[in-house]
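Engineer: Below is the structure I would like to discuss, written out as structure tokens.
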Amino acid sequence: MDKVKAEFVVLDERFAHVNGDEWIQRLHTGCRWTEGPAYFPAGRYLVFSDIPNDRVLRWDELTGVVGVFREPAGFHNGHTVDRQGRLVSCEHGERRVTRTEHDGSTTVLADRHQGKRFNSPNDVVESSDGAIWFTDPSYGIDSDYEGHQAESEIGACHVYRAAPDGSVTIVADDFSRPNGLAFSLDESLLYVSDTRQDPSHIRVFQVDGGALSGGEVFAASDAGGFDGLRVDASGRLWAAAHDGLHCFAPDGTRIGKLRVPEVCSNLTFGGPRRNDLFITASSSVYTLRVNFSGPRL
């Protein structure tokens with residue numbers, strides 16, 4: 001198991017006491033592009049995507065062993081664990097969002113809008129009312145590297161909401177390449193990253209039931225494209241970027257960074273106390289225990 005020195009970069013006094021382990025551990029490497037980390041507390045394991053290799057891998061916390069969770073996987077990208085402990089997945093290959101039930105069967109949550117297939121759902125979150133919110137850029141149809149090259153049927157890249165009754169609506173339609181998304185702790189705000197802007201930025205929307213308003217730029221990147229997003233239990237927003245994880249205060253100030261030796265794609269919290277930080281980055285998956293935690297659902 002490789003280790004690298006943990007480097008917390010303080011940019012604002014509000015980040016001065018944010019820290020954790022002295023070393024970041026590399027749990028696994030040798031992938032082509034890792035994404036979609038999702039932690040299952042009941043089983044104490046982490047699943048993550050290796051998109052170009054069309055597989056989902058599983059790291060067992062108790063044994064440290066990494067094995068294949070699903071292969072072929074339909075070029076899975078982002079995942080989340082819903083409030084009933086089921087895996088919700090974005091599939092580039094089948095261009096849909098699915099849920100893996102407790103018995104291992106698959107339920108399709110959304111695969112079309114107004115009869116047209118999605119591009120390639122990318123990342124996903126669940127709101128407390130059971131709705132599934134997801135982004136739909138075109139990365140999975142741009143080439144055969146992360147999916148199957150094809151023409152876009154919708155002709156644009158949107159953010160969607162799949163209601164518990166199965167209806168699907170567009171909630172934001174003015175993105176270039178919407179990517180990571182995360183709710184604020186009280187679900188009054190939705191943060192969405194746009195990877196292909198110059199510079200890449202994160203926008204923030206006001207949430208009113210199943211609708212969004214606003215959408216102003218919350219923060220811009222100073223190190224490549226923003227990707228996956230997570231909010232911690234203190235309400236700070238963490239964003240994956242090319243030099244590591246960027247941390248933002250609720251007012252949009254970049255208050256600190258955690259340096260990572262590869263380009264970061266996503267992150268999640270796990271462990272018995274939700275204070276194990278898992279990071280997918282290029283060919284590898286990293287972890288360290290920190291002195292803050294992910295929110296309790």
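Numbering starts fresh at 1 for the residues of each chain in the structure tokens, the chains themselves are lettered A, B, ... in the order given, and ligands are numbered from 1 as they appear.
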Give me the residues near range 253-263 of chain A as a list in words, where near means some atom within 8 Å (using only C-alpha atoms) and where sequence neighbours in that chain fewer than 4 positions away do not count.
Structural biologist: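 Answer for this query is Ala6, Glu7, Phe8, Val9, Val10, Leu11, Asp12, Glu13, Arg14, Phe15, Ala219, Ala241, His242, Asp243, Gly244, Leu245, His246, Cys247, Phe248, Ala249, Ala281, Ser282, Ser283 and Ser284 of chain A.
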Engineer: What lies within 9 Å of Gly235 in chain A using only C-alpha atoms, ignoring chain neighbours under 2 positions off, as a ChimeraX atom specification?
Structural biologist: /A:184-185,231-233,237,249-250,295
Engineer: Please produce an output containing N, CA and C atoms for each residue in the selection, written as a PDB file, in the first residue's frame.
Structural biologist:
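Generated output (again-v6.pdb):
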```pdb
ATOM      1  N   SER A 184     -26.687  21.427  -0.561  1.00  0.00           N
ATOM      2  CA  SER A 184     -26.311  21.960   0.739  1.00  0.00           C
ATOM      3  C   SER A 184     -26.981  21.106   1.819  1.00  0.00           C
ATOM      4  N   LEU A 185     -26.586  21.300   3.059  1.00  0.00           N
ATOM      5  CA  LEU A 185     -27.069  20.442   4.137  1.00  0.00           C
ATOM      6  C   LEU A 185     -28.591  20.487   4.278  1.00  0.00           C
ATOM      7  N   VAL A 231     -20.478  17.951  -0.007  1.00  0.00           N
ATOM      8  CA  VAL A 231     -20.594  18.882   1.107  1.00  0.00           C
ATOM      9  C   VAL A 231     -20.307  18.120   2.392  1.00  0.00           C
ATOM     10  N   ASP A 232     -19.506  18.712   3.283  1.00  0.00           N
ATOM     11  CA  ASP A 232     -19.219  18.035   4.545  1.00  0.00           C
ATOM     12  C   ASP A 232     -20.234  18.452   5.614  1.00  0.00           C
ATOM     13  N   ALA A 233     -20.104  17.896   6.798  1.00  0.00           N
ATOM     14  CA  ALA A 233     -21.084  18.118   7.850  1.00  0.00           C
ATOM     15  C   ALA A 233     -21.079  19.537   8.382  1.00  0.00           C
ATOM     16  N   LEU A 237     -18.074  23.079   0.926  1.00  0.00           N
ATOM     17  CA  LEU A 237     -18.139  22.353  -0.338  1.00  0.00           C
ATOM     18  C   LEU A 237     -16.743  21.919  -0.750  1.00  0.00           C
ATOM     19  N   ALA A 249     -15.862  27.726   1.512  1.00  0.00           N
ATOM     20  CA  ALA A 249     -16.825  28.127   2.531  1.00  0.00           C
ATOM     21  C   ALA A 249     -18.171  28.364   1.852  1.00  0.00           C
ATOM     22  N   PRO A 250     -19.261  28.360   2.623  1.00  0.00           N
ATOM     23  CA  PRO A 250     -20.577  28.593   2.022  1.00  0.00           C
ATOM     24  C   PRO A 250     -20.704  29.927   1.282  1.00  0.00           C
ATOM     25  N   PRO A 295     -21.884  14.455   5.937  1.00  0.00           N
ATOM     26  CA  PRO A 295     -23.164  14.649   6.631  1.00  0.00           C
ATOM     27  C   PRO A 295     -23.886  13.340   6.889  1.00  0.00           C
TER      28      PRO A 295
END
```
Engineer: Under the rule that only C-alpha atoms are counted, which of A:Ile141, A:Leu109, A:Ser213, A:Asn179 is the nearest residue to Pro164 in chain A?
Structural biologist: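 Of A:Ile141, A:Leu109, A:Ser213, A:Asn179, the one nearest Pro164 in chain A is A:Leu109, counting only C-alpha atoms.
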Engineer: Set the distance at 9 Å and use only C-alpha atoms: which residues neighbour range 265-274 of chain A once local chain neighbours fewer than 6 positions away are removed? I'd like the list as JSON, numbers by chain.
Structural biologist: {"A": [33, 34, 35, 36, 37, 38, 39, 40, 41, 44, 45, 46, 61, 78, 180, 226, 227, 228, 229, 230, 232, 238, 239, 240, 241, 242, 244, 245, 280, 281, 282, 289, 292, 293, 294, 295, 296]}
Engineer: I'd like the contact shell of Glu187 in chain A - 8 Å cut-off, only C-alpha atoms, skipping same-chain residues fewer than 3 positions apart - returned as number ranges by chain.
Structural biologist: A: 127, 183-184, 190, 207
Engineer: Generate the output file for the selected residues, C-alpha atoms, as a PDB file, in the first residue's frame.
Structural biologist:
```pdb
ATOM      1  CA  SER A 127     -32.823  14.370  -2.287  1.00  0.00           C
ATOM      2  CA  PHE A 183     -26.941  19.623  -2.167  1.00  0.00           C
ATOM      3  CA  SER A 184     -26.311  21.960   0.739  1.00  0.00           C
ATOM      4  CA  LEU A 190     -27.771  22.693  -5.370  1.00  0.00           C
ATOM      5  CA  VAL A 207     -34.033  24.713  -4.795  1.00  0.00           C
TER       6      VAL A 207
END
```
Engineer: Would you mind telling me which residue in A:Pro199, A:Gly64, A:Gly130, A:Gly140 lies nearest to Asp165 in chain A when using only C-alpha atoms?
Structural biologist: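 Residue with the minimum atom-to-atom distance to Asp165 in chain A: A:Gly130.
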Engineer: Name the residues in contact with Tyr191 in chain A at a cut-off of 7 Å, using only C-alpha atoms, excluding same-chain residues fewer than 3 positions from it; report them as a compact mmCIF listing (two decimals) with all heavy atoms, in the first residue's frame.
Structural biologist:
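So result33.txt came out as:
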```txt
# COMPACT_ATOMS: atom_id res chain seq x y z
N LEU A 181 -22.42 17.21 -8.77
CA LEU A 181 -23.49 17.98 -8.13
C LEU A 181 -23.63 17.54 -6.68
O LEU A 181 -23.34 16.40 -6.34
CB LEU A 181 -24.80 17.86 -8.90
CG LEU A 181 -25.59 16.56 -8.94
CD1 LEU A 181 -26.93 16.79 -9.66
CD2 LEU A 181 -24.86 15.42 -9.60
N ALA A 182 -24.08 18.50 -5.85
CA ALA A 182 -24.23 18.23 -4.42
C ALA A 182 -25.22 19.22 -3.83
O ALA A 182 -25.23 20.39 -4.21
CB ALA A 182 -22.89 18.34 -3.69
N PHE A 183 -26.03 18.75 -2.89
CA PHE A 183 -26.94 19.62 -2.17
C PHE A 183 -26.24 20.22 -0.95
O PHE A 183 -25.36 19.60 -0.35
CB PHE A 183 -28.17 18.84 -1.68
CG PHE A 183 -29.18 18.54 -2.74
CD1 PHE A 183 -29.30 17.26 -3.25
CD2 PHE A 183 -30.01 19.54 -3.21
CE1 PHE A 183 -30.25 16.97 -4.22
CE2 PHE A 183 -30.95 19.27 -4.19
CZ PHE A 183 -31.09 17.99 -4.70
N ILE A 202 -18.15 26.31 -10.70
CA ILE A 202 -19.26 25.70 -9.98
C ILE A 202 -20.37 26.75 -9.90
O ILE A 202 -20.11 27.91 -9.56
CB ILE A 202 -18.85 25.27 -8.56
CG1 ILE A 202 -17.73 24.23 -8.62
CG2 ILE A 202 -20.04 24.71 -7.79
CD1 ILE A 202 -17.04 24.00 -7.28
N ARG A 203 -21.58 26.34 -10.21
CA ARG A 203 -22.73 27.23 -10.10
C ARG A 203 -23.60 26.80 -8.92
O ARG A 203 -23.58 25.63 -8.52
CB ARG A 203 -23.54 27.23 -11.39
CG ARG A 203 -22.76 27.80 -12.56
CD ARG A 203 -23.46 27.58 -13.89
NE ARG A 203 -24.77 28.23 -13.91
CZ ARG A 203 -25.65 28.08 -14.90
NH1 ARG A 203 -25.38 27.29 -15.92
NH2 ARG A 203 -26.82 28.71 -14.86
N VAL A 204 -24.36 27.74 -8.39
CA VAL A 204 -25.23 27.43 -7.25
C VAL A 204 -26.66 27.86 -7.58
O VAL A 204 -26.89 28.96 -8.09
CB VAL A 204 -24.73 28.12 -5.96
CG1 VAL A 204 -24.66 29.63 -6.09
CG2 VAL A 204 -25.59 27.70 -4.77
N PHE A 205 -27.59 26.96 -7.31
CA PHE A 205 -29.00 27.18 -7.59
C PHE A 205 -29.81 27.14 -6.30
O PHE A 205 -29.49 26.38 -5.38
CB PHE A 205 -29.54 26.09 -8.53
CG PHE A 205 -28.95 26.10 -9.91
CD1 PHE A 205 -27.75 25.46 -10.16
CD2 PHE A 205 -29.59 26.75 -10.96
CE1 PHE A 205 -27.20 25.45 -11.44
CE2 PHE A 205 -29.04 26.75 -12.24
CZ PHE A 205 -27.84 26.10 -12.47
```
Engineer: Can you list, as a list in words, every protein, DNA or RNA residue that comes within 10 Å of Arg161 in chain A when you count only C-alpha atoms, leaving out same-chain residues fewer than 6 positions away?
Structural biologist: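 Final neighbour list, sorted by chain and number: Ala110, Val124, Val125, Glu126, Ser127, Ala131, Ile132, Trp133, Phe134, Thr135, Ser167, Val168, Thr169, Ile170, Val171, Ala172, Gly210 and Ala211 of chain A.
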Engineer: Quick one: distance from CA of Asn53 in chain A to CA of Arg32 in chain A in Å, one decimal?
Structural biologist: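 CA of Arg32 in chain A lies at a distance of 6.8 Å from CA of Asn53 in chain A.
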Engineer: Give me the residues within 10 Å of Lys3 in chain A as a ChimeraX atom specification, counting only C-alpha atoms and dropping any in the same chain fewer than 3 places off.
Structural biologist: /A:6,22-27,286-288
Engineer: Restricting the output to all heavy atoms, write the selected residues as a PDB file, in the first residue's frame.
Structural biologist:
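Writing done, so here's result_11.pdb:
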```pdb
ATOM      1  N   ALA A   6       0.435  13.905   3.269  1.00  0.00           N
ATOM      2  CA  ALA A   6      -0.772  14.719   3.180  1.00  0.00           C
ATOM      3  C   ALA A   6      -0.391  16.194   3.279  1.00  0.00           C
ATOM      4  O   ALA A   6       0.323  16.601   4.199  1.00  0.00           O
ATOM      5  CB  ALA A   6      -1.747  14.348   4.283  1.00  0.00           C
ATOM      6  N   GLU A  22      -1.324  12.088   8.622  1.00  0.00           N
ATOM      7  CA  GLU A  22      -0.082  12.626   8.063  1.00  0.00           C
ATOM      8  C   GLU A  22       0.162  12.097   6.657  1.00  0.00           C
ATOM      9  O   GLU A  22       0.806  12.745   5.843  1.00  0.00           O
ATOM     10  CB  GLU A  22       1.088  12.263   8.975  1.00  0.00           C
ATOM     11  CG  GLU A  22       2.418  12.839   8.528  1.00  0.00           C
ATOM     12  CD  GLU A  22       3.555  12.481   9.472  1.00  0.00           C
ATOM     13  OE1 GLU A  22       3.297  11.806  10.496  1.00  0.00           O
ATOM     14  OE2 GLU A  22       4.711  12.868   9.184  1.00  0.00           O
ATOM     15  N   TRP A  23      -0.385  10.912   6.381  1.00  0.00           N
ATOM     16  CA  TRP A  23      -0.144  10.267   5.089  1.00  0.00           C
ATOM     17  C   TRP A  23      -1.463   9.928   4.401  1.00  0.00           C
ATOM     18  O   TRP A  23      -2.423   9.511   5.051  1.00  0.00           O
ATOM     19  CB  TRP A  23       0.676   8.982   5.275  1.00  0.00           C
ATOM     20  CG  TRP A  23       2.012   9.215   5.897  1.00  0.00           C
ATOM     21  CD1 TRP A  23       2.322   9.147   7.232  1.00  0.00           C
ATOM     22  CD2 TRP A  23       3.206   9.584   5.217  1.00  0.00           C
ATOM     23  NE1 TRP A  23       3.641   9.437   7.423  1.00  0.00           N
ATOM     24  CE2 TRP A  23       4.221   9.709   6.205  1.00  0.00           C
ATOM     25  CE3 TRP A  23       3.542   9.812   3.883  1.00  0.00           C
ATOM     26  CZ2 TRP A  23       5.523  10.062   5.891  1.00  0.00           C
ATOM     27  CZ3 TRP A  23       4.840  10.163   3.567  1.00  0.00           C
ATOM     28  CH2 TRP A  23       5.818  10.281   4.567  1.00  0.00           C
ATOM     29  N   ILE A  24      -1.493  10.116   3.095  1.00  0.00           N
ATOM     30  CA  ILE A  24      -2.606   9.658   2.261  1.00  0.00           C
ATOM     31  C   ILE A  24      -2.240   8.274   1.750  1.00  0.00           C
ATOM     32  O   ILE A  24      -1.151   8.069   1.205  1.00  0.00           O
ATOM     33  CB  ILE A  24      -2.850  10.600   1.070  1.00  0.00           C
ATOM     34  CG1 ILE A  24      -3.162  12.026   1.543  1.00  0.00           C
ATOM     35  CG2 ILE A  24      -3.982  10.077   0.190  1.00  0.00           C
ATOM     36  CD1 ILE A  24      -3.286  13.025   0.403  1.00  0.00           C
ATOM     37  N   GLN A  25      -3.124   7.319   1.932  1.00  0.00           N
ATOM     38  CA  GLN A  25      -2.870   5.954   1.487  1.00  0.00           C
ATOM     39  C   GLN A  25      -3.482   5.723   0.102  1.00  0.00           C
ATOM     40  O   GLN A  25      -4.612   6.145  -0.160  1.00  0.00           O
ATOM     41  CB  GLN A  25      -3.467   4.955   2.472  1.00  0.00           C
ATOM     42  CG  GLN A  25      -2.859   5.014   3.851  1.00  0.00           C
ATOM     43  CD  GLN A  25      -3.486   4.006   4.797  1.00  0.00           C
ATOM     44  OE1 GLN A  25      -4.629   3.607   4.629  1.00  0.00           O
ATOM     45  NE2 GLN A  25      -2.733   3.580   5.794  1.00  0.00           N
ATOM     46  N   ARG A  26      -2.725   5.068  -0.744  1.00  0.00           N
ATOM     47  CA  ARG A  26      -3.250   4.669  -2.040  1.00  0.00           C
ATOM     48  C   ARG A  26      -3.764   3.239  -1.927  1.00  0.00           C
ATOM     49  O   ARG A  26      -2.996   2.294  -1.741  1.00  0.00           O
ATOM     50  CB  ARG A  26      -2.182   4.769  -3.138  1.00  0.00           C
ATOM     51  CG  ARG A  26      -2.751   4.532  -4.533  1.00  0.00           C
ATOM     52  CD  ARG A  26      -1.843   5.041  -5.626  1.00  0.00           C
ATOM     53  NE  ARG A  26      -0.608   4.258  -5.714  1.00  0.00           N
ATOM     54  CZ  ARG A  26       0.312   4.437  -6.672  1.00  0.00           C
ATOM     55  NH1 ARG A  26       0.141   5.384  -7.584  1.00  0.00           N
ATOM     56  NH2 ARG A  26       1.396   3.702  -6.678  1.00  0.00           N
ATOM     57  N   LEU A  27      -5.091   3.090  -2.041  1.00  0.00           N
ATOM     58  CA  LEU A  27      -5.722   1.785  -1.853  1.00  0.00           C
ATOM     59  C   LEU A  27      -5.590   0.893  -3.066  1.00  0.00           C
ATOM     60  O   LEU A  27      -5.549  -0.333  -2.950  1.00  0.00           O
ATOM     61  CB  LEU A  27      -7.207   1.966  -1.534  1.00  0.00           C
ATOM     62  CG  LEU A  27      -7.555   2.768  -0.278  1.00  0.00           C
ATOM     63  CD1 LEU A  27      -9.067   2.895  -0.147  1.00  0.00           C
ATOM     64  CD2 LEU A  27      -6.949   2.122   0.960  1.00  0.00           C
ATOM     65  N   TYR A 286      -7.481   6.857  -3.387  1.00  0.00           N
ATOM     66  CA  TYR A 286      -6.746   7.253  -2.185  1.00  0.00           C
ATOM     67  C   TYR A 286      -7.701   7.404  -1.012  1.00  0.00           C
ATOM     68  O   TYR A 286      -8.903   7.619  -1.184  1.00  0.00           O
ATOM     69  CB  TYR A 286      -6.033   8.594  -2.405  1.00  0.00           C
ATOM     70  CG  TYR A 286      -4.969   8.575  -3.466  1.00  0.00           C
ATOM     71  CD1 TYR A 286      -5.279   8.839  -4.797  1.00  0.00           C
ATOM     72  CD2 TYR A 286      -3.639   8.325  -3.146  1.00  0.00           C
ATOM     73  CE1 TYR A 286      -4.300   8.838  -5.789  1.00  0.00           C
ATOM     74  CE2 TYR A 286      -2.643   8.326  -4.117  1.00  0.00           C
ATOM     75  CZ  TYR A 286      -2.981   8.578  -5.437  1.00  0.00           C
ATOM     76  OH  TYR A 286      -2.009   8.570  -6.417  1.00  0.00           O
ATOM     77  N   THR A 287      -7.144   7.345   0.202  1.00  0.00           N
ATOM     78  CA  THR A 287      -7.946   7.597   1.397  1.00  0.00           C
ATOM     79  C   THR A 287      -7.080   8.163   2.509  1.00  0.00           C
ATOM     80  O   THR A 287      -5.863   7.922   2.561  1.00  0.00           O
ATOM     81  CB  THR A 287      -8.648   6.317   1.885  1.00  0.00           C
ATOM     82  OG1 THR A 287      -9.588   6.649   2.906  1.00  0.00           O
ATOM     83  CG2 THR A 287      -7.653   5.318   2.450  1.00  0.00           C
ATOM     84  N   LEU A 288      -7.713   8.903   3.394  1.00  0.00           N
ATOM     85  CA  LEU A 288      -7.103   9.326   4.643  1.00  0.00           C
ATOM     86  C   LEU A 288      -8.221   9.650   5.623  1.00  0.00           C
ATOM     87  O   LEU A 288      -9.343   9.978   5.220  1.00  0.00           O
ATOM     88  CB  LEU A 288      -6.171  10.529   4.473  1.00  0.00           C
ATOM     89  CG  LEU A 288      -6.803  11.912   4.266  1.00  0.00           C
ATOM     90  CD1 LEU A 288      -5.769  12.995   4.562  1.00  0.00           C
ATOM     91  CD2 LEU A 288      -7.332  12.082   2.862  1.00  0.00           C
TER      92      LEU A 288
END
```
Engineer: Give me, as a count of residues only, the residues of range 9-237 of chain A that a backbone DSSP run labels strand (DSSP E).
Structural biologist: 109
Engineer: With only C-alpha atoms as the basis for distance, which of A:Ile154, A:Ala42, A:Leu57, A:Val159 is at the shortest distance from Gly30 in chain A?
Structural biologist: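 Answer, going by the shortest atom-to-atom distance: A:Leu57.
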